[in-house]
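Q: Please find data31.pdb (PDB, C-alpha atoms) on the next line:
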```
ATOM      1  CA  MET A   1     -21.952  35.488  45.414
ATOM      2  CA  LYS A   2     -19.435  32.906  44.209
ATOM      3  CA  ARG A   3     -22.134  30.230  44.252
ATOM      4  CA  PHE A   4     -24.451  32.434  42.202
ATOM      5  CA  GLY A   5     -21.634  33.101  39.727
ATOM      6  CA  ASN A   6     -21.037  29.352  39.211
ATOM      7  CA  SER A   7     -24.755  28.767  38.655
ATOM      8  CA  THR A   8     -24.892  31.583  36.129
ATOM      9  CA  HIS A   9     -21.857  30.165  34.330
ATOM     10  CA  ARG A  10     -23.499  26.721  34.106
ATOM     11  CA  ILE A  11     -26.717  28.239  32.752
ATOM     12  CA  ILE A  12     -24.785  30.143  30.071
ATOM     13  CA  GLN A  13     -22.896  26.962  29.118
ATOM     14  CA  THR A  14     -26.156  24.986  28.863
ATOM     15  CA  ILE A  15     -27.774  27.635  26.687
ATOM     16  CA  SER A  16     -24.692  27.740  24.441
ATOM     17  CA  ILE A  17     -24.724  23.959  23.983
ATOM     18  CA  ILE A  18     -28.447  23.955  23.163
ATOM     19  CA  LEU A  19     -27.978  26.723  20.609
ATOM     20  CA  CYS A  20     -25.009  24.943  18.997
ATOM     21  CA  VAL A  21     -26.833  21.617  18.769
ATOM     22  CA  SER A  22     -29.947  23.325  17.376
ATOM     23  CA  PHE A  23     -27.900  25.146  14.737
ATOM     24  CA  PHE A  24     -25.948  22.005  13.813
ATOM     25  CA  SER A  25     -29.115  19.928  13.546
ATOM     26  CA  SER A  26     -30.827  22.524  11.382
ATOM     27  CA  THR A  27     -27.947  22.520   8.899
ATOM     28  CA  ILE A  28     -27.852  18.716   8.460
ATOM     29  CA  GLN A  29     -30.274  17.343   5.903
ATOM     30  CA  ALA A  30     -31.693  13.834   5.853
ATOM     31  CA  ASP A  31     -29.066  12.755   3.281
ATOM     32  CA  THR A  32     -26.082  13.990   5.277
ATOM     33  CA  TYR A  33     -23.949  11.334   6.943
ATOM     34  CA  ILE A  34     -21.014  11.322   9.343
ATOM     35  CA  VAL A  35     -17.911   9.403   8.311
ATOM     36  CA  GLY A  36     -15.651   8.413  11.195
ATOM     37  CA  ALA A  37     -12.034   8.393  10.081
ATOM     38  CA  GLN A  38      -8.670   7.601  11.618
ATOM     39  CA  ASN A  39      -6.997  10.679  13.062
ATOM     40  CA  ILE A  40      -3.511   9.844  11.826
ATOM     41  CA  GLU A  41      -1.754  11.224   8.781
ATOM     42  CA  TYR A  42      -1.640   8.372   6.293
ATOM     43  CA  SER A  43      -1.084  10.339   3.120
ATOM     44  CA  PRO A  44      -1.613   9.899   0.233
ATOM     45  CA  TYR A  45      -4.582   7.735   1.314
ATOM     46  CA  TYR A  46      -6.049   9.914   4.055
ATOM     47  CA  ASN A  47      -5.344  12.780   6.420
ATOM     48  CA  PHE A  48      -8.746  13.773   7.775
ATOM     49  CA  SER A  49      -7.255  16.132  10.347
ATOM     50  CA  SER A  50      -6.165  18.405   7.517
ATOM     51  CA  PRO A  51      -8.447  21.422   6.945
ATOM     52  CA  HIS A  52      -8.016  21.175   3.175
ATOM     53  CA  GLU A  53      -6.405  18.232   1.387
ATOM     54  CA  LYS A  54      -7.643  15.037   3.043
ATOM     55  CA  GLY A  55      -6.258  12.393   0.688
ATOM     56  CA  LEU A  56      -7.378   9.842  -1.878
ATOM     57  CA  GLY A  57     -10.133   8.211   0.219
ATOM     58  CA  TRP A  58     -11.728  11.602   0.848
ATOM     59  CA  ALA A  59     -11.432  12.537  -2.842
ATOM     60  CA  ILE A  60     -13.266   9.371  -3.932
ATOM     61  CA  LEU A  61     -16.016   9.879  -1.344
ATOM     62  CA  GLU A  62     -16.392  13.500  -2.441
ATOM     63  CA  ALA A  63     -16.705  12.360  -6.060
ATOM     64  CA  PHE A  64     -19.421   9.932  -4.939
ATOM     65  CA  SER A  65     -21.079  12.753  -2.988
ATOM     66  CA  LYS A  66     -21.194  14.937  -6.100
ATOM     67  CA  HIS A  67     -22.594  12.043  -8.124
ATOM     68  CA  SER A  68     -25.235  10.872  -5.611
ATOM     69  CA  GLY A  69     -26.198  14.065  -3.797
ATOM     70  CA  HIS A  70     -25.356  12.526  -0.406
ATOM     71  CA  GLN A  71     -23.348  14.839   1.829
ATOM     72  CA  PHE A  72     -20.574  13.603   4.122
ATOM     73  CA  ILE A  73     -19.176  15.172   7.270
ATOM     74  CA  TYR A  74     -15.778  13.762   8.224
ATOM     75  CA  LEU A  75     -15.061  13.247  11.918
ATOM     76  CA  SER A  76     -11.452  12.457  12.745
ATOM     77  CA  MET A  77     -10.925  10.357  15.885
ATOM     78  CA  PRO A  78      -8.533   7.836  17.479
ATOM     79  CA  VAL A  79      -8.351   4.516  15.655
ATOM     80  CA  LYS A  80      -9.554   2.525  18.661
ATOM     81  CA  ARG A  81     -12.712   4.648  19.000
ATOM     82  CA  LEU A  82     -13.969   4.291  15.438
ATOM     83  CA  GLN A  83     -15.803   0.987  15.851
ATOM     84  CA  ILE A  84     -17.111   2.019  19.275
ATOM     85  CA  GLU A  85     -18.688   5.185  17.854
ATOM     86  CA  LEU A  86     -20.049   3.231  14.882
ATOM     87  CA  LYS A  87     -21.756   0.783  17.249
ATOM     88  CA  LYS A  88     -23.166   3.657  19.327
ATOM     89  CA  GLY A  89     -24.575   5.255  16.188
ATOM     90  CA  ASN A  90     -22.542   8.441  16.569
ATOM     91  CA  VAL A  91     -21.019   7.887  13.129
ATOM     92  CA  ASP A  92     -22.735   6.417  10.091
ATOM     93  CA  PHE A  93     -19.672   5.082   8.283
ATOM     94  CA  VAL A  94     -16.071   4.187   9.041
ATOM     95  CA  PHE A  95     -13.103   4.648   6.715
ATOM     96  CA  PRO A  96     -10.818   2.856   6.274
ATOM     97  CA  ASP A  97     -12.151  -0.556   7.213
ATOM     98  CA  ASN A  98     -11.616  -4.117   6.096
ATOM     99  CA  PRO A  99     -13.550  -7.329   6.898
ATOM    100  CA  ARG A 100     -10.245  -9.106   7.581
ATOM    101  CA  TRP A 101      -9.144  -6.720  10.314
ATOM    102  CA  ASN A 102      -9.224  -7.806  13.939
ATOM    103  CA  ASP A 103     -12.441  -6.074  15.074
ATOM    104  CA  HIS A 104     -14.387  -7.611  17.979
ATOM    105  CA  ILE A 105     -16.731  -4.646  18.434
ATOM    106  CA  THR A 106     -18.793  -4.432  15.255
ATOM    107  CA  HIS A 107     -17.738  -7.437  13.199
ATOM    108  CA  SER A 108     -20.980  -9.265  12.485
ATOM    109  CA  VAL A 109     -23.214 -10.393   9.642
ATOM    110  CA  ASP A 110     -25.024  -7.054   9.893
ATOM    111  CA  LYS A 111     -21.966  -4.997   9.008
ATOM    112  CA  ALA A 112     -21.750  -3.964   5.374
ATOM    113  CA  TYR A 113     -18.499  -3.217   3.574
ATOM    114  CA  SER A 114     -18.042  -1.389   0.313
ATOM    115  CA  LEU A 115     -15.850  -2.547  -2.505
ATOM    116  CA  PRO A 116     -12.260  -1.390  -1.968
ATOM    117  CA  LEU A 117     -11.783   2.304  -2.655
ATOM    118  CA  VAL A 118      -8.111   1.471  -3.099
ATOM    119  CA  ASP A 119      -5.725  -1.430  -2.631
ATOM    120  CA  THR A 120      -2.639  -0.523  -0.626
ATOM    121  CA  PHE A 121       0.749  -2.237  -0.545
ATOM    122  CA  ALA A 122       1.972  -3.086   2.968
ATOM    123  CA  VAL A 123       5.692  -3.874   3.019
ATOM    124  CA  THR A 124       8.561  -4.411   5.431
ATOM    125  CA  LEU A 125      11.065  -1.560   5.323
ATOM    126  CA  VAL A 126      14.690  -2.079   6.337
ATOM    127  CA  LYS A 127      17.883  -0.091   5.960
ATOM    128  CA  PRO A 128      19.527  -0.914   2.589
ATOM    129  CA  GLU A 129      22.467  -2.718   4.184
ATOM    130  CA  ASN A 130      20.050  -5.109   5.931
ATOM    131  CA  LYS A 131      18.141  -6.152   2.808
ATOM    132  CA  GLY A 132      17.962  -9.901   2.252
ATOM    133  CA  LYS A 133      19.041 -10.943   5.763
ATOM    134  CA  GLY A 134      15.867 -12.952   6.262
ATOM    135  CA  ILE A 135      13.016 -12.981   8.724
ATOM    136  CA  SER A 136      15.196 -14.293  11.566
ATOM    137  CA  PHE A 137      17.125 -10.994  11.430
ATOM    138  CA  VAL A 138      14.050  -9.079  12.625
ATOM    139  CA  SER A 139      13.647  -9.013  16.400
ATOM    140  CA  ASN A 140      12.092  -5.543  16.795
ATOM    141  CA  LEU A 141       9.320  -4.410  14.430
ATOM    142  CA  ILE A 142       7.909  -0.880  14.231
ATOM    143  CA  ILE A 143       4.218  -0.393  13.453
ATOM    144  CA  PRO A 144       1.890   2.635  13.649
ATOM    145  CA  ASP A 145      -0.441   2.614  16.648
ATOM    146  CA  GLY A 146      -3.858   1.153  15.856
ATOM    147  CA  PHE A 147      -2.543  -1.184  13.174
ATOM    148  CA  THR A 148      -2.124  -4.940  13.557
ATOM    149  CA  PRO A 149       1.008  -6.703  12.217
ATOM    150  CA  ALA A 150      -1.054  -9.576  10.814
ATOM    151  CA  LYS A 151       1.767 -10.828   8.566
ATOM    152  CA  TRP A 152       3.989 -11.170  11.640
ATOM    153  CA  LYS A 153       1.420 -12.942  13.827
ATOM    154  CA  LYS A 154       3.416 -16.175  14.107
ATOM    155  CA  GLN A 155       6.638 -14.427  15.131
ATOM    156  CA  VAL A 156       4.839 -12.136  17.596
ATOM    157  CA  ASN A 157       2.990 -15.059  19.210
ATOM    158  CA  GLU A 158       6.249 -16.995  19.520
ATOM    159  CA  ASN A 159       7.936 -13.933  21.101
ATOM    160  CA  THR A 160      10.679 -13.886  18.483
ATOM    161  CA  VAL A 161       9.552 -10.436  17.308
ATOM    162  CA  TYR A 162       8.760  -7.523  19.624
ATOM    163  CA  VAL A 163       6.387  -4.848  18.308
ATOM    164  CA  ILE A 164       7.154  -1.157  18.838
ATOM    165  CA  GLY A 165       4.143   1.136  18.374
ATOM    166  CA  VAL A 166       4.627   4.694  17.118
ATOM    167  CA  ASN A 167       2.314   7.705  16.844
ATOM    168  CA  SER A 168       3.392   8.633  13.312
ATOM    169  CA  VAL A 169       5.144   7.258  10.253
ATOM    170  CA  TYR A 170       7.848   9.900  10.675
ATOM    171  CA  GLU A 171       8.558   8.690  14.217
ATOM    172  CA  GLY A 172       8.780   5.114  12.989
ATOM    173  CA  LEU A 173      11.197   5.907  10.174
ATOM    174  CA  SER A 174      13.338   7.938  12.556
ATOM    175  CA  LEU A 175      13.609   4.976  14.952
ATOM    176  CA  LEU A 176      14.431   2.654  12.070
ATOM    177  CA  ASN A 177      17.168   4.991  10.828
ATOM    178  CA  LYS A 178      18.639   5.138  14.352
ATOM    179  CA  GLU A 179      18.576   1.314  14.463
ATOM    180  CA  LYS A 180      16.196   1.252  17.417
ATOM    181  CA  ALA A 181      14.467  -1.542  15.493
ATOM    182  CA  ASN A 182      15.307  -3.844  12.587
ATOM    183  CA  ALA A 183      12.273  -3.230  10.389
ATOM    184  CA  MET A 184       9.018  -1.333   9.972
ATOM    185  CA  ASP A 185       5.665  -2.711   8.797
ATOM    186  CA  ILE A 186       4.207   0.133   6.714
ATOM    187  CA  GLU A 187       2.374   0.941   3.474
ATOM    188  CA  TYR A 188       4.864   1.628   0.680
ATOM    189  CA  ASN A 189       3.388   4.862  -0.710
ATOM    190  CA  VAL A 190       2.836   6.306   2.770
ATOM    191  CA  ALA A 191       6.485   5.745   3.645
ATOM    192  CA  GLN A 192       7.670   7.190   0.338
ATOM    193  CA  ARG A 193       5.618  10.356   0.917
ATOM    194  CA  ILE A 194       7.381  10.967   4.252
ATOM    195  CA  ILE A 195      10.811  10.107   2.828
ATOM    196  CA  ARG A 196      10.356  12.632   0.014
ATOM    197  CA  ARG A 197       9.194  15.296   2.473
ATOM    198  CA  TYR A 198      12.089  14.651   4.854
ATOM    199  CA  PRO A 199      15.033  13.450   2.703
ATOM    200  CA  ASN A 200      17.427  13.549   5.669
ATOM    201  CA  ILE A 201      15.398  10.953   7.550
ATOM    202  CA  GLY A 202      17.432   8.172   5.919
ATOM    203  CA  GLU A 203      17.373   5.557   3.164
ATOM    204  CA  PHE A 204      15.138   2.506   3.319
ATOM    205  CA  THR A 205      14.327  -0.517   1.176
ATOM    206  CA  ALA A 206      11.059  -2.435   0.853
ATOM    207  CA  ASP A 207      12.523  -5.916   1.317
ATOM    208  CA  LEU A 208      10.260  -8.273  -0.634
ATOM    209  CA  THR A 209      11.923 -11.314   0.938
ATOM    210  CA  LEU A 210      10.179 -10.204   4.151
ATOM    211  CA  PRO A 211       6.389 -10.116   4.769
ATOM    212  CA  PHE A 212       4.306  -7.979   2.402
ATOM    213  CA  ASN A 213       0.722  -8.048   1.154
ATOM    214  CA  THR A 214      -2.088  -6.071  -0.411
ATOM    215  CA  VAL A 215      -4.528  -4.415   1.998
ATOM    216  CA  SER A 216      -7.876  -3.038   0.830
ATOM    217  CA  PHE A 217      -9.390   0.148   2.252
ATOM    218  CA  SER A 218     -13.199   0.032   2.253
ATOM    219  CA  VAL A 219     -16.082   1.956   3.828
ATOM    220  CA  SER A 220     -18.194   0.139   6.430
ATOM    221  CA  THR A 221     -21.588   0.730   8.049
ATOM    222  CA  LEU A 222     -24.100  -0.903  10.357
ATOM    223  CA  LYS A 223     -27.194   1.120   9.448
ATOM    224  CA  HIS A 224     -26.849   2.181   5.813
ATOM    225  CA  PRO A 225     -26.202  -0.831   3.541
ATOM    226  CA  ASP A 226     -28.289   0.931   0.873
ATOM    227  CA  ILE A 227     -25.701   3.715   0.655
ATOM    228  CA  ILE A 228     -22.932   1.114   0.457
ATOM    229  CA  HIS A 229     -24.779  -0.442  -2.468
ATOM    230  CA  GLU A 230     -24.933   2.966  -4.167
ATOM    231  CA  LEU A 231     -21.220   3.489  -3.517
ATOM    232  CA  ASN A 232     -20.380   0.082  -5.009
ATOM    233  CA  THR A 233     -22.375   0.910  -8.138
ATOM    234  CA  PHE A 234     -20.513   4.219  -8.396
ATOM    235  CA  LEU A 235     -17.118   2.507  -8.028
ATOM    236  CA  ASN A 236     -17.974  -0.069 -10.694
ATOM    237  CA  SER A 237     -19.406   2.476 -13.125
ATOM    238  CA  ASN A 238     -16.840   5.252 -12.814
ATOM    239  CA  SER A 239     -13.467   3.566 -13.206
ATOM    240  CA  LYS A 240     -12.157   6.485 -15.286
ATOM    241  CA  THR A 241     -12.885   8.959 -12.484
ATOM    242  CA  ILE A 242     -11.381   6.639  -9.861
ATOM    243  CA  ASN A 243      -8.216   6.123 -11.933
ATOM    244  CA  GLU A 244      -7.842   9.863 -12.458
ATOM    245  CA  ILE A 245      -7.997  10.380  -8.690
ATOM    246  CA  LYS A 246      -5.426   7.628  -8.112
ATOM    247  CA  ASN A 247      -3.113   9.193 -10.706
ATOM    248  CA  LYS A 248      -3.482  12.571  -9.001
ATOM    249  CA  TYR A 249      -2.226  11.052  -5.749
ATOM    250  CA  GLY A 250       0.524   9.058  -7.435
ATOM    251  CA  ILE A 251      -0.884   5.627  -6.639
ATOM    252  CA  GLU A 252       0.782   2.884  -8.677
ATOM    253  CA  GLU A 253      -1.060  -0.397  -9.168
ATOM    254  CA  THR A 254       0.239  -3.019  -6.734
ATOM    255  CA  LYS A 255       1.142  -5.548  -9.439
ATOM    256  CA  GLN A 256       3.195  -2.995 -11.379
ATOM    257  CA  LEU A 257       4.814  -1.727  -8.185
ATOM    258  CA  THR A 258       5.806  -5.259  -7.143
ATOM    259  CA  GLN A 259       7.357  -5.954 -10.528
ATOM    260  CA  ARG A 260       9.269  -2.666 -10.453
ATOM    261  CA  LEU A 261      10.663  -3.336  -6.979
ATOM    262  CA  MET A 262      11.657  -6.884  -7.970
ATOM    263  CA  LYS A 263      13.552  -5.537 -10.961
ATOM    264  CA  GLN A 264      15.290  -2.874  -8.855
ATOM    265  CA  GLN A 265      16.364  -5.438  -6.267
ATOM    266  CA  GLY A 266      17.248  -8.162  -8.766
ATOM    267  CA  LEU A 267      14.734 -10.591  -7.284
ATOM    268  CA  THR A 268      12.938 -13.556  -8.845
ATOM    269  CA  LYS A 269       9.529 -14.890  -7.808
ATOM    270  CA  ASN A 270      10.978 -17.927  -6.047
ATOM    271  CA  VAL A 271      12.730 -15.759  -3.401
ATOM    272  CA  LEU A 272       9.759 -13.543  -2.579
ATOM    273  CA  TRP A 273       8.222 -13.873   0.867
ATOM    274  CA  SER A 274       5.324 -16.298   1.125
ATOM    275  CA  ALA A 275       2.998 -16.925   4.057
ATOM    276  CA  LEU A 276       2.941 -20.623   3.232
TER     277      LEU A 276
END
```
Spit out the file's structure as structure tokens when you get a sec.
A:
Amino acid sequence: MKRFGNSTHRIIQTISIILCVSFFSSTIQADTYIVGAQNIEYSPYYNFSSPHEKGLGWAILEAFSKHSGHQFIYLSMPVKRLQIELKKGNVDFVFPDNPRWNDHITHSVDKAYSLPLVDTFAVTLVKPENKGKGISFVSNLIIPDGFTPAKWKKQVNENTVYVIGVNSVYEGLSLLNKEKANAMDIEYNVAQRIIRRYPNIGEFTADLTLPFNTVSFSVSTLKHPDIIHELNTFLNSNSKTINEIKNKYGIEETKQLTQRLMKQQGLTKNVLWSAL
């Protein structure tokens, strides 16, 4: 009787799966695509696990969807699985992506990247009292899991800097405030969003005498370069719409932001960090 019950349960499960797949397939049109996205909260740029507000990247893709008629389904998944699922064909696009990122799975001449949807500003955060102490001061560096501290490659390879991975920006800032590390490699606007939400988490400074750079967030694909071409045309032809979306999410242009931070910290160009 138990054996029969297990068999019946498996049959019911199989029928349920078939019905779900059939329903899902019938609701997806030929111009509907799956976008694989990182499953971490990286607001204001993206938070695809949210049922409602998914961030600036989502807003731009939705504007493109309205303009082109293409429909996008957003599938949130671990960072390390994105390129694997793209190669398998389980997702059509990946966001965010960048041709300069360390990707050994899908990086090839066949991979197409869009123009940047947005340029982000990756900085090194420290506690205010540690500002200006120099790169030799940093021995422990916090970074969100799935990200690569490219600006710190030399120090990491020489074992002068130890990387501490965290599951969230909040966790990283908490460790930095508790002096479990000397610095955190993080996007400026992302950090500011968390600091405003949790004012008791501590005070931090984007030390421009330490590594910083501009990082572009693009959309990538292996099978649909034609859609990437359409997206690029949309981005080039609708700058007003794109700027309105950026303003909505409080994104300040990197050049203006750099100048503002330099003025606040009393810095001149000759003391800014340089990779050279």
Q: So what does the PyMOL selection byres ((chain A and resi 31-34) around 12) actually pick up in this one, as an MDAnalysis selection string?
A: chainID A and resid 24:30 35:37 61 65 68:76 82 85:86 89:95 219:221 223:224 227
Q: So which residues touch Lys246 in chain A within 10 Å, counting all atoms listed in the file, skipping near sequence neighbours fewer than 6 positions away, as a list in words?
A: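 In the requested format, the answer is Pro44, Tyr45, Leu56, Gly57, Ala59, Ile60, Leu117, Val118, Lys240, Glu252 and Glu253 of chain A.
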Q: Once the PyMOL selection byres ((chain A and resi 169) around 10) is applied to the coordinates I shared, what remains selected? I want it as a ChimeraX atom specification.
A: /A:40-43,142-145,166-168,170-175,184,186-187,190-191,193-195
Q: Please evaluate the PyMOL selection byres ((chain A and resi 147) around 10) against the structure above and give the resulting residues as number ranges by chain.
A: A: 79-80, 101-102, 143-146, 148-150, 165, 185-186
Q: Quick one: of A:Asn182, A:Thr124, A:Asn177, A:Thr209, who's nearest to Ile164 in chain A, counting only C-alpha atoms?
A: A:Asn182
Q: Neighbours of Tyr188 in chain A within 7 Å (all atoms listed in the file; same-chain residues fewer than 3 positions away dropped), as JSON, numbers by chain?
A: {"A": [121, 122, 123, 191, 192]}
Q: Take range 233-250 of chain A, bring it up to N, CA, C and O atoms, and give me the output as a PDB file, in the frame of the given file.
A:
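Below you can see part-v7.pdb, which holds the result:
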```pdb
ATOM      1  N   THR A 233     -21.966   0.665  -6.755  1.00  0.00           N
ATOM      2  CA  THR A 233     -22.375   0.910  -8.138  1.00  0.00           C
ATOM      3  C   THR A 233     -21.549   2.040  -8.737  1.00  0.00           C
ATOM      4  O   THR A 233     -21.106   1.974  -9.896  1.00  0.00           O
ATOM      5  N   PHE A 234     -21.326   3.081  -7.942  1.00  0.00           N
ATOM      6  CA  PHE A 234     -20.513   4.219  -8.396  1.00  0.00           C
ATOM      7  C   PHE A 234     -19.084   3.768  -8.704  1.00  0.00           C
ATOM      8  O   PHE A 234     -18.513   4.143  -9.743  1.00  0.00           O
ATOM      9  N   LEU A 235     -18.492   2.967  -7.828  1.00  0.00           N
ATOM     10  CA  LEU A 235     -17.118   2.507  -8.028  1.00  0.00           C
ATOM     11  C   LEU A 235     -16.997   1.644  -9.277  1.00  0.00           C
ATOM     12  O   LEU A 235     -16.017   1.749 -10.023  1.00  0.00           O
ATOM     13  N   ASN A 236     -17.998   0.809  -9.514  1.00  0.00           N
ATOM     14  CA  ASN A 236     -17.974  -0.069 -10.694  1.00  0.00           C
ATOM     15  C   ASN A 236     -18.215   0.685 -11.990  1.00  0.00           C
ATOM     16  O   ASN A 236     -17.706   0.296 -13.052  1.00  0.00           O
ATOM     17  N   SER A 237     -18.985   1.764 -11.916  1.00  0.00           N
ATOM     18  CA  SER A 237     -19.406   2.476 -13.125  1.00  0.00           C
ATOM     19  C   SER A 237     -18.551   3.694 -13.465  1.00  0.00           C
ATOM     20  O   SER A 237     -18.765   4.313 -14.510  1.00  0.00           O
ATOM     21  N   ASN A 238     -17.619   4.034 -12.594  1.00  0.00           N
ATOM     22  CA  ASN A 238     -16.840   5.252 -12.814  1.00  0.00           C
ATOM     23  C   ASN A 238     -15.345   4.990 -12.658  1.00  0.00           C
ATOM     24  O   ASN A 238     -14.629   5.736 -11.979  1.00  0.00           O
ATOM     25  N   SER A 239     -14.880   3.940 -13.321  1.00  0.00           N
ATOM     26  CA  SER A 239     -13.467   3.566 -13.206  1.00  0.00           C
ATOM     27  C   SER A 239     -12.544   4.666 -13.726  1.00  0.00           C
ATOM     28  O   SER A 239     -11.442   4.860 -13.195  1.00  0.00           O
ATOM     29  N   LYS A 240     -12.980   5.402 -14.743  1.00  0.00           N
ATOM     30  CA  LYS A 240     -12.157   6.485 -15.286  1.00  0.00           C
ATOM     31  C   LYS A 240     -11.931   7.557 -14.230  1.00  0.00           C
ATOM     32  O   LYS A 240     -10.796   8.026 -14.024  1.00  0.00           O
ATOM     33  N   THR A 241     -13.000   7.947 -13.540  1.00  0.00           N
ATOM     34  CA  THR A 241     -12.885   8.959 -12.484  1.00  0.00           C
ATOM     35  C   THR A 241     -11.993   8.461 -11.353  1.00  0.00           C
ATOM     36  O   THR A 241     -11.128   9.202 -10.859  1.00  0.00           O
ATOM     37  N   ILE A 242     -12.179   7.211 -10.947  1.00  0.00           N
ATOM     38  CA  ILE A 242     -11.381   6.639  -9.861  1.00  0.00           C
ATOM     39  C   ILE A 242      -9.903   6.606 -10.245  1.00  0.00           C
ATOM     40  O   ILE A 242      -9.026   6.963  -9.443  1.00  0.00           O
ATOM     41  N   ASN A 243      -9.603   6.194 -11.472  1.00  0.00           N
ATOM     42  CA  ASN A 243      -8.216   6.123 -11.933  1.00  0.00           C
ATOM     43  C   ASN A 243      -7.578   7.507 -12.016  1.00  0.00           C
ATOM     44  O   ASN A 243      -6.384   7.675 -11.735  1.00  0.00           O
ATOM     45  N   GLU A 244      -8.360   8.494 -12.412  1.00  0.00           N
ATOM     46  CA  GLU A 244      -7.842   9.863 -12.458  1.00  0.00           C
ATOM     47  C   GLU A 244      -7.473  10.350 -11.068  1.00  0.00           C
ATOM     48  O   GLU A 244      -6.456  11.030 -10.879  1.00  0.00           O
ATOM     49  N   ILE A 245      -8.292   9.999 -10.078  1.00  0.00           N
ATOM     50  CA  ILE A 245      -7.997  10.380  -8.690  1.00  0.00           C
ATOM     51  C   ILE A 245      -6.737   9.671  -8.204  1.00  0.00           C
ATOM     52  O   ILE A 245      -5.863  10.275  -7.570  1.00  0.00           O
ATOM     53  N   LYS A 246      -6.608   8.376  -8.519  1.00  0.00           N
ATOM     54  CA  LYS A 246      -5.426   7.628  -8.112  1.00  0.00           C
ATOM     55  C   LYS A 246      -4.166   8.211  -8.746  1.00  0.00           C
ATOM     56  O   LYS A 246      -3.123   8.341  -8.088  1.00  0.00           O
ATOM     57  N   ASN A 247      -4.263   8.591 -10.022  1.00  0.00           N
ATOM     58  CA  ASN A 247      -3.113   9.193 -10.706  1.00  0.00           C
ATOM     59  C   ASN A 247      -2.728  10.521 -10.068  1.00  0.00           C
ATOM     60  O   ASN A 247      -1.541  10.851  -9.943  1.00  0.00           O
ATOM     61  N   LYS A 248      -3.736  11.282  -9.652  1.00  0.00           N
ATOM     62  CA  LYS A 248      -3.482  12.571  -9.001  1.00  0.00           C
ATOM     63  C   LYS A 248      -2.655  12.383  -7.737  1.00  0.00           C
ATOM     64  O   LYS A 248      -1.769  13.192  -7.437  1.00  0.00           O
ATOM     65  N   TYR A 249      -2.930  11.296  -7.010  1.00  0.00           N
ATOM     66  CA  TYR A 249      -2.226  11.052  -5.749  1.00  0.00           C
ATOM     67  C   TYR A 249      -1.005  10.152  -5.924  1.00  0.00           C
ATOM     68  O   TYR A 249      -0.374   9.757  -4.939  1.00  0.00           O
ATOM     69  N   GLY A 250      -0.681   9.831  -7.162  1.00  0.00           N
ATOM     70  CA  GLY A 250       0.524   9.058  -7.435  1.00  0.00           C
ATOM     71  C   GLY A 250       0.469   7.621  -7.003  1.00  0.00           C
ATOM     72  O   GLY A 250       1.492   7.035  -6.620  1.00  0.00           O
TER      73      GLY A 250
END
```
